[in-house]
Amino acid sequence: MMKRERSVGRLVLKGTILDGSGREPFTGYVTVEQGRIASVFPEAEAPAEVMSQLDSTDAQVLDFGNAYLTPGLIDIHLHGGAGADVMDGSADSLIQMLRYYLAHGTTSILATTLTASKPDIDRALAAAFSVQQTERIGQVIQGVHLEGPFLSPKWPGAQHPQWICNPQTGWLREWTARFPGFIRILTLAPELEGAEEAIAYALEQNIIAACGHSDATYDQVRTAISWGITHAVHCCNAMRPFHHREPGVVGAVLLHDELSTEINVDGYHLHPAAVELILRLKQDRVCVITDSMRAAGMTDGVYHLAGLEVHVKQGAARFADGTIAGSTIPLVQSVRHLVQKHGKSLPEAVKHATSIPAGIVKLHNKGLLKAGCDADLVVLEQEGLQVKRVMLGGDWFDPETHNFA
Ligand SMILES: [Zn+2]
């Protein structure tokens, strides 16, 4: 299916607006025109000029009562779901996964690769690029997060150790030539031979250089900051931990404002006190991610992650040795966890899944309900924060049938 024309005409949505900025919710209107948000205003402040337009015959008004209207959720670290994985290198797999996440309110993702052979990574990038270019639902893909293979063999986490290697700037050159502007984050271990050159090339290409799966010392991370790294993936997971005489990657991430970071609040990856510590120290420099894999949205059982066997039991994905291997939840569940398990306010929780990740990845038209932004939004029931409706670029996507209206 080719991309089709975005809906034209003014759509008016009324509900309890959580605009993604962290502001308290308010009853108001969001108007949508040609795939973008045209205006947002509280009920009491509705300008007469806009109100008269609401009465015009071509305006369609939808009242969601006390349900929340939030920006579409943005997951910048996502490997798979609904039985599919980015590393399958198949358009059908990607579409299956995108349908699942879009139905759960995730309207933007970075398709995240895993450590694999170069031909396998080539294939994964080609499939994601083609889906983004040709499919309506491909607009959910904002680009790729290359996680590996330039990682530390000491901290493979769920990455296949066989294919871990030193940074190869030549590969990056090839990928950026084949898929211009498509790689958004390059995660690497900055202590490896060749990292400085790869980071310099990433910056030249407008790619965010991130530290992850790293055994770097505190001083090595500081040096990497001077080379241009600005982000660190899944804080505390698969990185040299904090020690009072060698603060490690964790110490550097927590202390240095130059670095934004990610937390996985699936209930398995981080102790609640670690979540609180990271949120307090990083504030608006930390987003939630899911790091979810193929088993998201599926039943418990045995799955494969980059050629490795993963056992999923009660939603926890682990290798046979007990190592955690990604998550099995959509980002809306992370938002619920932030509220229900970590005591965050709903506006804060939504901000960590919308405007903050948008800022980190420089998605300037996303993450807020604000005039001029893309009309990516979610209608959430107040009760249990269940996803009721999802809009992508001004078009409704039905969470039940997994089709555009
Ligand atoms: Zn990882």
# chains A, B, ... in the order shown; residues from 1 in each chain; ligands from 1
$ residues_around --residues "Asp75 (chain A)" --least-positions-apart "5" --cutoff "12 Å" --atoms "only C-alpha atoms" --output "PyMOL selection string"
chain A and resi 80+98+101-102+104-112+140-145+262-264+287-292+329-335+352-358+360-361+363+367
$ write_last_selection --atoms "N, CA and C atoms" --output "tab-separated table (two decimals), in the first residue's frame"
chain	number	residue	atom	x	y	z
A	80	GLY	N	11.45	-5.10	18.78
A	80	GLY	CA	10.46	-5.96	18.15
A	80	GLY	C	9.20	-6.06	18.98
A	98	LEU	N	4.73	-2.76	13.82
A	98	LEU	CA	4.26	-1.38	13.87
A	98	LEU	C	2.77	-1.32	14.19
A	101	TYR	N	2.35	-1.79	17.95
A	101	TYR	CA	2.73	-0.62	18.76
A	101	TYR	C	1.81	0.57	18.51
A	102	LEU	N	1.42	0.77	17.26
A	102	LEU	CA	0.53	1.90	16.97
A	102	LEU	C	-0.80	1.70	17.70
A	104	HIS	N	-1.18	0.45	20.45
A	104	HIS	CA	-0.95	0.74	21.86
A	104	HIS	C	-0.46	2.17	22.08
A	105	GLY	N	-0.62	3.01	21.07
A	105	GLY	CA	-0.36	4.45	21.27
A	105	GLY	C	1.05	4.91	20.98
A	106	THR	N	1.93	4.00	20.52
A	106	THR	CA	3.29	4.42	20.14
A	106	THR	C	3.25	4.85	18.69
A	107	THR	N	3.38	6.16	18.45
A	107	THR	CA	3.25	6.67	17.08
A	107	THR	C	4.60	6.96	16.42
A	108	SER	N	5.67	6.92	17.22
A	108	SER	CA	7.02	7.11	16.66
A	108	SER	C	7.96	6.12	17.31
A	109	ILE	N	8.80	5.48	16.48
A	109	ILE	CA	9.84	4.61	17.04
A	109	ILE	C	11.15	4.84	16.30
A	110	LEU	N	12.23	4.46	16.95
A	110	LEU	CA	13.46	4.21	16.22
A	110	LEU	C	13.57	2.70	16.14
A	111	ALA	N	13.57	2.16	14.94
A	111	ALA	CA	13.73	0.71	14.75
A	111	ALA	C	15.15	0.38	15.19
A	112	THR	N	15.26	-0.45	16.22
A	112	THR	CA	16.56	-0.65	16.85
A	112	THR	C	17.15	-2.00	16.46
A	140	VAL	N	5.56	5.66	11.18
A	140	VAL	CA	5.88	5.48	12.61
A	140	VAL	C	7.41	5.40	12.79
A	141	ILE	N	8.10	4.88	11.77
A	141	ILE	CA	9.56	4.73	11.86
A	141	ILE	C	10.21	6.09	11.61
A	142	GLN	N	10.84	6.62	12.63
A	142	GLN	CA	11.53	7.91	12.49
A	142	GLN	C	12.98	7.72	12.10
A	143	GLY	N	13.40	6.48	12.02
A	143	GLY	CA	14.78	6.18	11.67
A	143	GLY	C	15.23	4.97	12.44
A	144	VAL	N	16.55	4.79	12.44
A	144	VAL	CA	17.11	3.59	13.06
A	144	VAL	C	17.99	3.97	14.24
A	145	HIS	N	17.95	3.13	15.24
A	145	HIS	CA	18.89	3.19	16.35
A	145	HIS	C	19.80	1.97	16.16
A	262	GLU	N	18.29	6.90	29.09
A	262	GLU	CA	17.02	6.16	28.97
A	262	GLU	C	16.84	5.31	30.22
A	263	ILE	N	15.59	5.09	30.62
A	263	ILE	CA	15.33	4.10	31.67
A	263	ILE	C	14.28	3.11	31.18
A	264	ASN	N	14.49	1.88	31.62
A	264	ASN	CA	13.54	0.82	31.31
A	264	ASN	C	12.77	0.51	32.60
A	287	CYS	N	14.51	9.77	29.23
A	287	CYS	CA	13.23	9.33	28.67
A	287	CYS	C	13.00	7.87	29.05
A	288	VAL	N	11.75	7.42	28.95
A	288	VAL	CA	11.49	6.00	29.12
A	288	VAL	C	11.56	5.32	27.74
A	289	ILE	N	12.07	4.11	27.76
A	289	ILE	CA	12.12	3.29	26.55
A	289	ILE	C	11.61	1.91	26.96
A	290	THR	N	11.31	1.07	25.96
A	290	THR	CA	10.90	-0.28	26.34
A	290	THR	C	11.98	-1.32	26.07
A	291	ASP	N	12.83	-1.09	25.03
A	291	ASP	CA	13.81	-2.11	24.66
A	291	ASP	C	13.08	-3.44	24.38
A	292	SER	N	11.83	-3.35	23.96
A	292	SER	CA	11.01	-4.56	23.83
A	292	SER	C	11.45	-5.41	22.66
A	329	ILE	N	6.79	-5.15	26.82
A	329	ILE	CA	5.67	-4.22	27.03
A	329	ILE	C	5.70	-3.09	26.00
A	330	PRO	N	4.53	-2.51	25.71
A	330	PRO	CA	4.53	-1.28	24.92
A	330	PRO	C	4.76	-0.07	25.84
A	331	LEU	N	5.14	1.06	25.24
A	331	LEU	CA	5.52	2.23	26.04
A	331	LEU	C	4.40	2.75	26.94
A	332	VAL	N	3.16	2.56	26.53
A	332	VAL	CA	2.05	3.04	27.37
A	332	VAL	C	2.08	2.33	28.72
A	333	GLN	N	2.57	1.09	28.72
A	333	GLN	CA	2.69	0.36	29.98
A	333	GLN	C	3.80	0.98	30.86
A	334	SER	N	4.84	1.49	30.23
A	334	SER	CA	5.89	2.18	30.98
A	334	SER	C	5.32	3.45	31.62
A	335	VAL	N	4.45	4.14	30.88
A	335	VAL	CA	3.82	5.35	31.43
A	335	VAL	C	2.97	4.97	32.65
A	352	HIS	N	7.95	12.10	29.90
A	352	HIS	CA	9.11	11.22	29.71
A	352	HIS	C	8.95	10.27	28.52
A	353	ALA	N	7.72	10.17	27.99
A	353	ALA	CA	7.48	9.27	26.86
A	353	ALA	C	7.11	10.05	25.58
A	354	THR	N	7.14	11.39	25.66
A	354	THR	CA	6.74	12.19	24.48
A	354	THR	C	7.75	13.32	24.19
A	355	SER	N	7.62	14.46	24.88
A	355	SER	CA	8.47	15.60	24.50
A	355	SER	C	9.94	15.36	24.81
A	356	ILE	N	10.23	14.58	25.87
A	356	ILE	CA	11.65	14.36	26.20
A	356	ILE	C	12.33	13.48	25.14
A	357	PRO	N	11.77	12.30	24.81
A	357	PRO	CA	12.43	11.55	23.73
A	357	PRO	C	12.45	12.32	22.41
A	358	ALA	N	11.41	13.10	22.12
A	358	ALA	CA	11.41	13.91	20.88
A	358	ALA	C	12.59	14.87	20.89
A	360	ILE	N	15.43	14.53	22.60
A	360	ILE	CA	16.70	13.79	22.52
A	360	ILE	C	17.02	13.45	21.07
A	361	VAL	N	16.00	13.03	20.31
A	361	VAL	CA	16.25	12.59	18.92
A	361	VAL	C	16.03	13.74	17.92
A	363	LEU	N	13.28	15.35	17.11
A	363	LEU	CA	12.05	15.26	16.30
A	363	LEU	C	11.26	16.53	16.63
A	367	GLY	N	5.90	15.04	19.84
A	367	GLY	CA	6.04	14.96	21.29
A	367	GLY	C	5.25	15.98	22.07
$ residues_near_ligand --ligand "ligand 1" --cutoff "10 Å" --atoms "only C-alpha atoms and all ligand atoms" --output "ChimeraX atom specification"
/A:77-79,112-115,147-148,151,155-159,187,212-213,233-235,237-239,291,325-326
$ select_by_dssp --residues "region 36-163 of chain A" --states "strand (DSSP E or B)" --output "ChimeraX atom specification"
/A:36-42,60-71,73-78,80-81,84-85,106-112,141-147
$ residues_around --residues "Gln168 (chain A)" --least-positions-apart "5" --cutoff "8 Å" --atoms "only C-alpha atoms" --output "number ranges by chain"
A: 150, 194, 198
$ residues_around --residues "region 22-30 of chain A" --least-positions-apart "6" --cutoff "10 Å" --atoms "only C-alpha atoms" --output "NGL selection string"
:A and (11-16 or 37-46 or 61-63 or 65-70 or 345-352 or 354-356 or 368-371 or 375)
$ closest_residue --among "A:Met293, A:Ser56, A:Arg99, A:Leu338" --to "Asp85 (chain A)" --atoms "only C-alpha atoms"
A:Met293
$ select_by_dssp --residues "region 97-142 of chain A" --states "helix (DSSP H, G or I)" --output "PyMOL selection string"
chain A and resi 97-103+118-134+137-140
$ write_last_selection --atoms "N, CA and C atoms" --output "PDB file, in the first residue's frame"
ATOM      1  N   MET A  97       4.803  -5.565  13.540  1.00  0.00           N
ATOM      2  CA  MET A  97       5.258  -4.943  14.785  1.00  0.00           C
ATOM      3  C   MET A  97       4.718  -3.510  14.921  1.00  0.00           C
ATOM      4  N   LEU A  98       4.732  -2.762  13.822  1.00  0.00           N
ATOM      5  CA  LEU A  98       4.260  -1.375  13.868  1.00  0.00           C
ATOM      6  C   LEU A  98       2.772  -1.323  14.188  1.00  0.00           C
ATOM      7  N   ARG A  99       2.013  -2.264  13.633  1.00  0.00           N
ATOM      8  CA  ARG A  99       0.560  -2.296  13.910  1.00  0.00           C
ATOM      9  C   ARG A  99       0.311  -2.503  15.390  1.00  0.00           C
ATOM     10  N   TYR A 100       1.066  -3.412  15.989  1.00  0.00           N
ATOM     11  CA  TYR A 100       0.910  -3.696  17.416  1.00  0.00           C
ATOM     12  C   TYR A 100       1.215  -2.434  18.244  1.00  0.00           C
ATOM     13  N   TYR A 101       2.351  -1.787  17.947  1.00  0.00           N
ATOM     14  CA  TYR A 101       2.727  -0.622  18.762  1.00  0.00           C
ATOM     15  C   TYR A 101       1.807   0.570  18.514  1.00  0.00           C
ATOM     16  N   LEU A 102       1.424   0.771  17.257  1.00  0.00           N
ATOM     17  CA  LEU A 102       0.531   1.901  16.969  1.00  0.00           C
ATOM     18  C   LEU A 102      -0.802   1.697  17.703  1.00  0.00           C
ATOM     19  N   ALA A 103      -1.297   0.469  17.730  1.00  0.00           N
ATOM     20  CA  ALA A 103      -2.547   0.180  18.441  1.00  0.00           C
ATOM     21  C   ALA A 103      -2.411   0.470  19.939  1.00  0.00           C
ATOM     22  N   LYS A 118      27.346  -8.290   9.388  1.00  0.00           N
ATOM     23  CA  LYS A 118      27.061  -7.087   8.593  1.00  0.00           C
ATOM     24  C   LYS A 118      25.957  -7.324   7.561  1.00  0.00           C
ATOM     25  N   PRO A 119      25.973  -8.460   6.834  1.00  0.00           N
ATOM     26  CA  PRO A 119      24.866  -8.673   5.875  1.00  0.00           C
ATOM     27  C   PRO A 119      23.498  -8.664   6.556  1.00  0.00           C
ATOM     28  N   ASP A 120      23.406  -9.199   7.774  1.00  0.00           N
ATOM     29  CA  ASP A 120      22.116  -9.187   8.486  1.00  0.00           C
ATOM     30  C   ASP A 120      21.706  -7.765   8.861  1.00  0.00           C
ATOM     31  N   ILE A 121      22.677  -6.956   9.275  1.00  0.00           N
ATOM     32  CA  ILE A 121      22.351  -5.553   9.602  1.00  0.00           C
ATOM     33  C   ILE A 121      21.971  -4.815   8.317  1.00  0.00           C
ATOM     34  N   ASP A 122      22.694  -5.070   7.233  1.00  0.00           N
ATOM     35  CA  ASP A 122      22.355  -4.460   5.932  1.00  0.00           C
ATOM     36  C   ASP A 122      20.888  -4.730   5.580  1.00  0.00           C
ATOM     37  N   ARG A 123      20.499  -5.997   5.771  1.00  0.00           N
ATOM     38  CA  ARG A 123      19.145  -6.411   5.402  1.00  0.00           C
ATOM     39  C   ARG A 123      18.097  -5.733   6.297  1.00  0.00           C
ATOM     40  N   ALA A 124      18.416  -5.646   7.597  1.00  0.00           N
ATOM     41  CA  ALA A 124      17.471  -5.002   8.530  1.00  0.00           C
ATOM     42  C   ALA A 124      17.294  -3.528   8.177  1.00  0.00           C
ATOM     43  N   LEU A 125      18.401  -2.854   7.865  1.00  0.00           N
ATOM     44  CA  LEU A 125      18.313  -1.423   7.512  1.00  0.00           C
ATOM     45  C   LEU A 125      17.520  -1.248   6.218  1.00  0.00           C
ATOM     46  N   ALA A 126      17.773  -2.114   5.241  1.00  0.00           N
ATOM     47  CA  ALA A 126      17.089  -1.994   3.943  1.00  0.00           C
ATOM     48  C   ALA A 126      15.585  -2.182   4.115  1.00  0.00           C
ATOM     49  N   ALA A 127      15.191  -3.168   4.932  1.00  0.00           N
ATOM     50  CA  ALA A 127      13.759  -3.426   5.117  1.00  0.00           C
ATOM     51  C   ALA A 127      13.084  -2.254   5.837  1.00  0.00           C
ATOM     52  N   ALA A 128      13.718  -1.749   6.895  1.00  0.00           N
ATOM     53  CA  ALA A 128      13.119  -0.635   7.648  1.00  0.00           C
ATOM     54  C   ALA A 128      13.025   0.614   6.771  1.00  0.00           C
ATOM     55  N   PHE A 129      14.063   0.851   5.976  1.00  0.00           N
ATOM     56  CA  PHE A 129      14.083   2.029   5.095  1.00  0.00           C
ATOM     57  C   PHE A 129      12.961   1.931   4.061  1.00  0.00           C
ATOM     58  N   SER A 130      12.802   0.744   3.501  1.00  0.00           N
ATOM     59  CA  SER A 130      11.771   0.580   2.479  1.00  0.00           C
ATOM     60  C   SER A 130      10.370   0.726   3.068  1.00  0.00           C
ATOM     61  N   VAL A 131      10.147   0.180   4.259  1.00  0.00           N
ATOM     62  CA  VAL A 131       8.825   0.328   4.893  1.00  0.00           C
ATOM     63  C   VAL A 131       8.551   1.801   5.196  1.00  0.00           C
ATOM     64  N   GLN A 132       9.577   2.512   5.679  1.00  0.00           N
ATOM     65  CA  GLN A 132       9.383   3.935   5.978  1.00  0.00           C
ATOM     66  C   GLN A 132       9.042   4.725   4.708  1.00  0.00           C
ATOM     67  N   GLN A 133       9.688   4.365   3.617  1.00  0.00           N
ATOM     68  CA  GLN A 133       9.501   5.116   2.375  1.00  0.00           C
ATOM     69  C   GLN A 133       8.187   4.799   1.665  1.00  0.00           C
ATOM     70  N   THR A 134       7.663   3.572   1.843  1.00  0.00           N
ATOM     71  CA  THR A 134       6.552   3.161   0.980  1.00  0.00           C
ATOM     72  C   THR A 134       5.234   2.898   1.684  1.00  0.00           C
ATOM     73  N   ILE A 137       1.877   3.103   7.299  1.00  0.00           N
ATOM     74  CA  ILE A 137       2.235   2.864   8.701  1.00  0.00           C
ATOM     75  C   ILE A 137       3.746   3.038   8.926  1.00  0.00           C
ATOM     76  N   GLY A 138       4.501   3.049   7.818  1.00  0.00           N
ATOM     77  CA  GLY A 138       5.951   3.250   7.919  1.00  0.00           C
ATOM     78  C   GLY A 138       6.327   4.609   8.478  1.00  0.00           C
ATOM     79  N   GLN A 139       5.353   5.537   8.503  1.00  0.00           N
ATOM     80  CA  GLN A 139       5.627   6.858   9.074  1.00  0.00           C
ATOM     81  C   GLN A 139       5.886   6.798  10.565  1.00  0.00           C
ATOM     82  N   VAL A 140       5.565   5.657  11.182  1.00  0.00           N
ATOM     83  CA  VAL A 140       5.881   5.481  12.605  1.00  0.00           C
ATOM     84  C   VAL A 140       7.408   5.404  12.787  1.00  0.00           C
TER      85      VAL A 140
END
$ residues_around --residues "Arg240 (chain A)" --least-positions-apart "3" --cutoff "8 Å" --atoms "only C-alpha atoms" --output "ChimeraX atom specification"
/A:214-217,236,248-250
$ residues_around --residues "Ala295 (chain A)" --least-positions-apart "5" --cutoff "7 Å" --atoms "only C-alpha atoms" --output "mmCIF file with N, CA and C atoms, in the first residue's frame"
data_model
loop_
_atom_site.group_PDB
_atom_site.id
_atom_site.type_symbol
_atom_site.label_atom_id
_atom_site.label_comp_id
_atom_site.auth_asym_id
_atom_site.auth_seq_id
_atom_site.Cartn_x
_atom_site.Cartn_y
_atom_site.Cartn_z
ATOM 1 N N GLY A 81 8.279 -6.880 18.493
ATOM 2 C CA GLY A 81 7.017 -7.097 19.190
ATOM 3 C C GLY A 81 6.050 -7.835 18.288
ATOM 4 N N ALA A 82 5.017 -8.399 18.898
ATOM 5 C CA ALA A 82 3.977 -9.108 18.146
ATOM 6 C C ALA A 82 4.574 -10.222 17.289
ATOM 7 N N GLY A 83 5.631 -10.862 17.790
ATOM 8 C CA GLY A 83 6.237 -11.978 17.068
ATOM 9 C C GLY A 83 7.249 -11.553 16.017
ATOM 10 N N TYR A 303 11.452 -17.726 22.659
ATOM 11 C CA TYR A 303 11.576 -16.849 21.489
ATOM 12 C C TYR A 303 13.043 -16.724 21.101
ATOM 13 N N THR A 328 8.873 -6.856 27.292
ATOM 14 C CA THR A 328 7.747 -7.365 26.498
ATOM 15 C C THR A 328 6.530 -6.447 26.630
#
